[in-house]
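See structure below.
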Amino acid sequence: MAIAEIFSPRTAGSNEAPRPIARAVDRTPDFSGEGMQALRSWVDEIATLTQPARIHWVDGSRAENEALLRGMVDEGRIIKLNPEWRPGSYLARSHPADVARTEGRTFIASEREEDAGPTNNWAEPTAMRAELEGVFAGSMRGRTMYVVPFSMGAVGGPLSHIGVQVTDSAYAVVSMSIMTRVGEAVTELIADGADWVRTVHSVGAPLAPGQEDVPWPCNDTKYVVHFPETLEVFSYGSGYGGNAILAKKCFALRIASVIGRDQGWLAEHMLLIRVIDPQGRAYHVAAAFPSACGKTNLAMLRPTIPGWRVETLGDDIAWIRPGEDGRLWAINPEAGFFGVAPGTGESTNVTAVETLWGNTIFTNVALRPDGDVWWEGLTDEAPANLTDWEGNAWTPDSGRPAAHPNSRFTVAAAQCPQIAEDWDAPQGVPLDVILFGGRRATNVPLVVEATDWAHGVFLGSTISSERTAAAEGTLGELRRDPFAMLPFCGYNMGDYFGHWLSVGNKLRFDRAPRIFQVNWFRRGSDGRFLWPGFGDNSRVIDWIIRRISGEVDAVESPIGRLPHTEDLNLDGIDVPQADLDELFAVDPASWLREADLTEEFYATFNGKVPAALQAELSSLRYRLKAAQ
């Protein structure tokens with residue numbers, strides 16, 4: 001290994017000359033050109049700041065990945081699961097204080113505060129850079145800095161984008177290798193001059209000479225900072241999930257939404273599926289759902305209607321671009337699934353369970369005595385004895401969850417048994433339908449069709465869920481999550497609403513996707529769910545497909561177009577007519593109150609909500625008053 005002499009930055013306020021730092025450097029990829037020179041210079045710049053003991057350029061090979069996993073097992077960072085039950089799989093346990101996204105410490109450091117908008121934490125970029133320089137200085141001492149070139153979407157694809165992450169976490173590297181396309185093919189694109197996004201991650205736990213490491217290093221101080229003008233991400237202090245896998249929410253949504261705004265496309269928190277009817281006709285559906293609203297279940301739907309099939313294309317993120325043919329084309333830019341484990345089971349999502357047969361990294365789930373894993377919801381009954389996510393003995397009488405509520409699985413999308421053969425096709429798929437949905441016990445019908453694109457954008461901008469427990473806030477209070485993008489839009493959401501309208505203006509009116517709002521969670525006056533949900537949600541998809549195919553008419557209502565209940569395919573299930581009537585009831589007085597809440601929500605954007613959406617709100621009120 002060669003030894004590179006890199007000078008450390010001066011100590012703040014000191015006149016001392018920079019001191020040399022010796023670090024081992026793996027052979028850099030053998031590419032030339034200005035792009036490669038810029039990449040090497042950037043890596044050197046970050047290394048000078050963070051002072052790692054060693055630099056490893058990740059090549060994405062299987063041998064390299066296995067060596068990283070083997071090393072983490074040997075160091076006690078992860079546990080190899082019993083290959084008889086879960087071959088090629090591992091369990092990681094995080095620090096108890098490092099278990100989720102750090103939204104309170106997530107910032108948009110745009111040049112102007114108004115460009116971040118009221119739904120983001122804004123940071124003045126010059127001051128934030130100085131703050132970050134302070135925490136990153138020396139943050140990788142005693143550790144390896146990995147250089148991870150990655151592609152979101154097929155490498156070199158027309159809808160794809162690339163980036164590089166430097167990180168001192170081997171856990172982040174192996175996770176990135178599942179969630180993205182990692183390797184020297186990406187480095188070659190950079191060497192040839194392709195644009196790339198710069199992302200920097202450190203767990204913020206430098207090691208002094210001879211200091212013993214811990215299984216999950218992290219820091220109480222945390223930052224996740226996005227610089228939209230320069231397309232950079234800096235994450236410090238957390239090794240968990242999207243805080244460390246910067247290609248995911250940070251790049252694929254927050255930064256990509258800015259790129260999409262500037263280039264005329266959409267980066268969306270959406271699943272992507274292909275629905276195939278009994279005649280073999282294929283339709284493509286993108287759907288945006290906030291958390292706990294059935295997103296993963298729909299992504300891996302197994303229809304209960306004979307003859308219908310669903311193929312999974314993506315479970316979390318879709319990049320959507322107008323095509324020259326006047327349609328919208330979409331790809332899933334990710335290569336894997338990073339899913340919440342609790343609640344995923346044979347009765348709720350058998351496809352997901354089958355996907356996890358092996359080659360999976362589990363984080364913060366429980367360990368069984370036989371070396372397999374378990375979490376709440378995997379089976380109806382809990383095993384008698386487990387080791388919980390913190391490494392403590394657990395029984396069903398322990399009075400605490402065995403798996404953390406935000407415990408995760410990371411697995412390649414290709415392992416999904418119903419993944420589409422062309423799920424990673426570079427050109428993507430043409431969209432026929434866009435769905436928006438929240439978790440609403442009242443008011444919102446099972447399904448409603450937007451009358452046109454502007455009305456569909458209005459529906460997306462008003463997506464909300466009712467809080468269901470006092471611990472989450474006032475019971476029944478609406479939790480707004482427009483387009484399911486509230487935590488993930490990298491710029492002002494008022495401008496984002498306008499961008500959706502402008503994208504629609506580029507489409508042929510007869511080729512634009514039809515937009516629908518769905519709600520699987522409406523309850524009756526007695527508190528029970530009125531709709532069976534899960535696989536029976538295919539019956540709503542069936543009506544939507546027949547609707548866009550012109551096979552069924554709709555009922556005009558003040559809030560949009562509703563089904564004739566007799567047009568729903570309910571063969572094999574028992575949904576009483578009284579429940580159907582309640583599922584589609586539209587009470588003008590309740591909806592007028594909802595319109596008032598929407599007006600209050602729009603007002604938080606300080607005049608940024610487009611006039612077209614204000615007009616939709618006024619028209620809604622007019623129709624509701626006429627219906628009273």
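Going by the structure tokens order, chains are called A, B, ..., each with residues numbered from 1, while ligands are numbered from 1 in the order shown.
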(message) Taking 5 positions as the minimum chain separation for residues in the same chain, which residues sit within 7 Å of stretch 104-119 of chain A when counting only C-alpha atoms? Answer as a list in words.
(response) Glu124, Pro125, Lys222, Tyr223, Val224, Val225, His226, Phe227, Pro228, Glu229, Leu486, Gly490, Tyr491, Asn492, Met493 and Phe605 of chain A
Cut-off 10 Å: closest stretch 426-523 of chain A/stretch 549-558 of chain A atom pairs per residue, using only C-alpha atoms, as JSON lines:
{"residue": "A:Val448", "atom": "CA", "partner": "A:Ser557", "partner_atom": "CA", "distance": 9.1}
{"residue": "A:Glu449", "atom": "CA", "partner": "A:Ala554", "partner_atom": "CA", "distance": 8.6}
{"residue": "A:Thr451", "atom": "CA", "partner": "A:Glu556", "partner_atom": "CA", "distance": 9.3}
May I have the residues within 9 Å of stretch 77-88 of chain A as a compact mmCIF listing (two decimals) with N, CA and C atoms, in the first residue's frame, using only C-alpha atoms and disregarding those fewer than 4 positions away in the same chain?
# COMPACT_ATOMS: atom_id res chain seq x y z
N LEU A 69 -18.22 -7.74 5.03
CA LEU A 69 -19.14 -8.41 5.96
C LEU A 69 -18.38 -9.29 6.94
N ARG A 70 -17.42 -10.04 6.41
CA ARG A 70 -16.62 -10.93 7.27
C ARG A 70 -15.85 -10.12 8.30
N GLY A 71 -15.32 -8.98 7.87
CA GLY A 71 -14.59 -8.13 8.81
C GLY A 71 -15.48 -7.58 9.91
N MET A 72 -16.70 -7.19 9.55
CA MET A 72 -17.62 -6.67 10.57
C MET A 72 -18.04 -7.75 11.55
N VAL A 73 -18.18 -8.99 11.07
CA VAL A 73 -18.48 -10.10 11.99
C VAL A 73 -17.31 -10.30 12.95
N ALA A 92 -27.59 -6.47 12.54
CA ALA A 92 -26.87 -5.35 13.15
C ALA A 92 -27.73 -4.77 14.26
N ARG A 93 -27.07 -4.36 15.35
CA ARG A 93 -27.77 -3.68 16.44
C ARG A 93 -27.17 -2.28 16.59
N TYR A 171 -20.82 -0.57 7.49
CA TYR A 171 -22.25 -0.89 7.44
C TYR A 171 -22.93 -0.07 6.34
N VAL A 214 -16.25 0.52 19.43
CA VAL A 214 -17.53 -0.03 19.88
C VAL A 214 -18.24 -0.62 18.67
N PRO A 215 -19.19 -1.54 18.88
CA PRO A 215 -19.86 -2.17 17.74
C PRO A 215 -20.60 -1.18 16.85
N TRP A 216 -21.21 -0.15 17.43
CA TRP A 216 -21.97 0.81 16.64
C TRP A 216 -21.54 2.22 17.02
N LEU A 356 -37.27 -11.99 1.85
CA LEU A 356 -36.23 -11.96 2.88
C LEU A 356 -35.65 -13.33 3.20
N TRP A 357 -35.72 -14.26 2.26
CA TRP A 357 -35.25 -15.63 2.52
C TRP A 357 -33.76 -15.69 2.82
N GLY A 358 -33.00 -14.72 2.31
CA GLY A 358 -31.55 -14.72 2.52
C GLY A 358 -30.94 -13.45 1.97
N ASN A 359 -29.61 -13.34 2.09
CA ASN A 359 -28.87 -12.19 1.55
C ASN A 359 -29.45 -10.86 2.02
N THR A 360 -29.82 -10.80 3.29
CA THR A 360 -30.50 -9.65 3.85
C THR A 360 -29.74 -9.14 5.07
N ILE A 361 -29.67 -7.82 5.20
CA ILE A 361 -29.13 -7.21 6.41
C ILE A 361 -30.31 -6.72 7.24
N LEU A 367 -33.36 -11.65 17.86
CA LEU A 367 -32.62 -12.85 17.45
C LEU A 367 -33.21 -14.06 18.14
N ASP A 370 -32.25 -20.16 17.56
CA ASP A 370 -31.71 -20.98 16.48
C ASP A 370 -30.92 -20.16 15.46
N GLY A 371 -30.70 -18.87 15.75
CA GLY A 371 -29.89 -18.05 14.86
C GLY A 371 -30.65 -17.39 13.74
N ASP A 372 -31.98 -17.43 13.77
CA ASP A 372 -32.80 -16.69 12.81
C ASP A 372 -33.31 -15.43 13.50
N VAL A 373 -34.14 -14.65 12.81
CA VAL A 373 -34.63 -13.38 13.35
C VAL A 373 -36.15 -13.41 13.50
(message) Just want the 7 Å neighbourhood of stretch 425-438 of chain A, counted on only C-alpha atoms, with same-chain residues fewer than 2 positions away dropped. Output as an NGL selection string.
(response) :A and (153-154 or 157-159 or 283-290 or 293 or 327-331 or 422-423 or 440 or 460 or 463-465 or 483 or 513-519)
Could the residues in this selection be written to a file with C-alpha atoms, as a short mmCIF file (atom, residue, chain, number, x, y, z; two decimals), in the first residue's frame?
data_model
loop_
_atom_site.label_atom_id
_atom_site.label_comp_id
_atom_site.auth_asym_id
_atom_site.auth_seq_id
_atom_site.Cartn_x
_atom_site.Cartn_y
_atom_site.Cartn_z
CA GLY A 153 -31.04 3.80 -11.84
CA ALA A 154 -29.22 1.66 -14.37
CA GLY A 157 -29.43 5.08 -18.21
CA PRO A 158 -31.27 8.10 -19.68
CA LEU A 159 -33.25 8.67 -16.46
CA TYR A 283 -50.99 -0.81 -16.76
CA HIS A 284 -48.42 1.09 -14.73
CA VAL A 285 -49.31 2.71 -11.43
CA ALA A 286 -47.29 5.08 -9.22
CA ALA A 287 -48.63 5.73 -5.71
CA ALA A 288 -47.71 8.13 -2.91
CA PHE A 289 -48.63 7.15 0.65
CA PRO A 290 -47.37 8.56 3.96
CA CYS A 293 -50.81 3.88 5.00
CA ARG A 327 -46.58 10.60 -21.53
CA LEU A 328 -44.83 10.37 -18.18
CA TRP A 329 -42.09 7.74 -17.88
CA ALA A 330 -40.95 6.42 -14.50
CA ILE A 331 -38.07 4.43 -13.05
CA ASP A 422 -37.76 -5.37 -16.64
CA TRP A 423 -37.93 -3.63 -13.27
CA ARG A 440 -58.46 8.80 7.12
CA GLY A 460 -52.06 15.45 -3.79
CA ILE A 463 -53.13 14.44 1.55
CA SER A 464 -53.36 13.94 5.30
CA SER A 465 -53.83 11.29 7.95
CA PHE A 483 -47.70 14.06 -1.93
CA PRO A 513 -51.80 9.63 -16.19
CA ARG A 514 -55.21 9.75 -14.54
CA ILE A 515 -55.04 10.75 -10.88
CA PHE A 516 -57.03 9.12 -8.06
CA GLN A 517 -57.19 9.44 -4.29
CA VAL A 518 -57.70 6.28 -2.23
CA ASN A 519 -58.38 5.63 1.44
#
(request) One decimal, Å: what's the distance from atom CA of A:Ala611 over to atom CA of A:Leu271, could you say? (result) 29.1 Å
Every residue of stretch 220-406 of chain A that DSSP places in strand (DSSP E), as a PDB file with C-alpha atoms, in the first residue's frame:
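This went into out.pdb:
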ATOM      1  CA  TYR A 223     -26.374  16.790  11.204  1.00  0.00           C
ATOM      2  CA  VAL A 224     -27.965  15.895   7.862  1.00  0.00           C
ATOM      3  CA  VAL A 225     -27.388  18.913   5.627  1.00  0.00           C
ATOM      4  CA  HIS A 226     -28.306  19.430   1.976  1.00  0.00           C
ATOM      5  CA  PHE A 227     -26.813  22.170  -0.210  1.00  0.00           C
ATOM      6  CA  GLU A 232     -23.999  18.241  -1.872  1.00  0.00           C
ATOM      7  CA  VAL A 233     -25.013  16.286   1.224  1.00  0.00           C
ATOM      8  CA  PHE A 234     -23.148  16.153   4.543  1.00  0.00           C
ATOM      9  CA  SER A 235     -24.271  13.742   7.268  1.00  0.00           C
ATOM     10  CA  TYR A 236     -22.576  13.519  10.648  1.00  0.00           C
ATOM     11  CA  LEU A 266     -40.257  14.790 -10.665  1.00  0.00           C
ATOM     12  CA  ALA A 267     -38.479  12.895  -7.861  1.00  0.00           C
ATOM     13  CA  GLU A 268     -41.262  11.316  -5.815  1.00  0.00           C
ATOM     14  CA  LEU A 271     -44.094   2.988  -5.198  1.00  0.00           C
ATOM     15  CA  LEU A 272     -44.232   1.702  -8.760  1.00  0.00           C
ATOM     16  CA  ILE A 273     -46.162  -1.373  -9.940  1.00  0.00           C
ATOM     17  CA  ARG A 274     -47.399  -3.043 -13.113  1.00  0.00           C
ATOM     18  CA  VAL A 275     -50.995  -4.264 -12.943  1.00  0.00           C
ATOM     19  CA  ILE A 276     -51.962  -6.985 -15.439  1.00  0.00           C
ATOM     20  CA  ALA A 282     -50.556  -4.136 -18.568  1.00  0.00           C
ATOM     21  CA  TYR A 283     -50.989  -0.815 -16.762  1.00  0.00           C
ATOM     22  CA  HIS A 284     -48.423   1.095 -14.726  1.00  0.00           C
ATOM     23  CA  VAL A 285     -49.314   2.711 -11.427  1.00  0.00           C
ATOM     24  CA  ALA A 286     -47.291   5.075  -9.219  1.00  0.00           C
ATOM     25  CA  ALA A 287     -48.632   5.726  -5.713  1.00  0.00           C
ATOM     26  CA  ALA A 288     -47.710   8.130  -2.906  1.00  0.00           C
ATOM     27  CA  ARG A 309     -51.561  -9.994 -11.315  1.00  0.00           C
ATOM     28  CA  VAL A 310     -49.279  -7.322  -9.899  1.00  0.00           C
ATOM     29  CA  GLU A 311     -45.569  -7.072 -10.694  1.00  0.00           C
ATOM     30  CA  THR A 312     -43.395  -4.978  -8.400  1.00  0.00           C
ATOM     31  CA  LEU A 313     -41.212  -2.302  -9.966  1.00  0.00           C
ATOM     32  CA  GLY A 314     -40.336  -0.285  -6.843  1.00  0.00           C
ATOM     33  CA  ALA A 318     -39.965   6.931  -8.393  1.00  0.00           C
ATOM     34  CA  TRP A 319     -38.245   9.348 -10.765  1.00  0.00           C
ATOM     35  CA  ILE A 320     -40.769  10.548 -13.347  1.00  0.00           C
ATOM     36  CA  ARG A 321     -40.009  12.404 -16.583  1.00  0.00           C
ATOM     37  CA  PRO A 322     -42.150  13.710 -19.445  1.00  0.00           C
ATOM     38  CA  LEU A 328     -44.831  10.374 -18.176  1.00  0.00           C
ATOM     39  CA  TRP A 329     -42.093   7.738 -17.877  1.00  0.00           C
ATOM     40  CA  ALA A 330     -40.946   6.422 -14.496  1.00  0.00           C
ATOM     41  CA  ILE A 331     -38.073   4.428 -13.049  1.00  0.00           C
ATOM     42  CA  GLY A 336     -33.072  -2.649  -3.105  1.00  0.00           C
ATOM     43  CA  PHE A 337     -35.757  -2.416  -0.456  1.00  0.00           C
ATOM     44  CA  PHE A 338     -35.098  -0.728   2.891  1.00  0.00           C
ATOM     45  CA  GLY A 339     -38.297  -1.697   4.686  1.00  0.00           C
ATOM     46  CA  VAL A 340     -39.760  -1.472   8.166  1.00  0.00           C
ATOM     47  CA  ILE A 361     -29.129  -7.211   6.406  1.00  0.00           C
ATOM     48  CA  PHE A 362     -31.516  -6.866   9.359  1.00  0.00           C
ATOM     49  CA  THR A 363     -31.115  -3.990  11.791  1.00  0.00           C
ATOM     50  CA  ALA A 366     -34.842  -9.752  17.605  1.00  0.00           C
ATOM     51  CA  LEU A 367     -32.616 -12.847  17.450  1.00  0.00           C
ATOM     52  CA  VAL A 373     -34.629 -13.380  13.352  1.00  0.00           C
ATOM     53  CA  TRP A 374     -38.082 -12.324  14.526  1.00  0.00           C
ATOM     54  CA  LEU A 386     -35.553 -14.259  22.175  1.00  0.00           C
ATOM     55  CA  THR A 387     -32.682 -11.814  22.405  1.00  0.00           C
ATOM     56  CA  ALA A 393     -33.053 -11.661  27.055  1.00  0.00           C
ATOM     57  CA  TRP A 394     -36.735 -11.350  26.068  1.00  0.00           C
TER      58      TRP A 394
END
(message) Given only C-alpha atoms as the basis, pick out the residue of A:Leu583, A:Ala194, A:Leu91, A:Ala127 nearest to A:Arg523.
(response)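 So, comparing all the options, the nearest one is A:Leu583.
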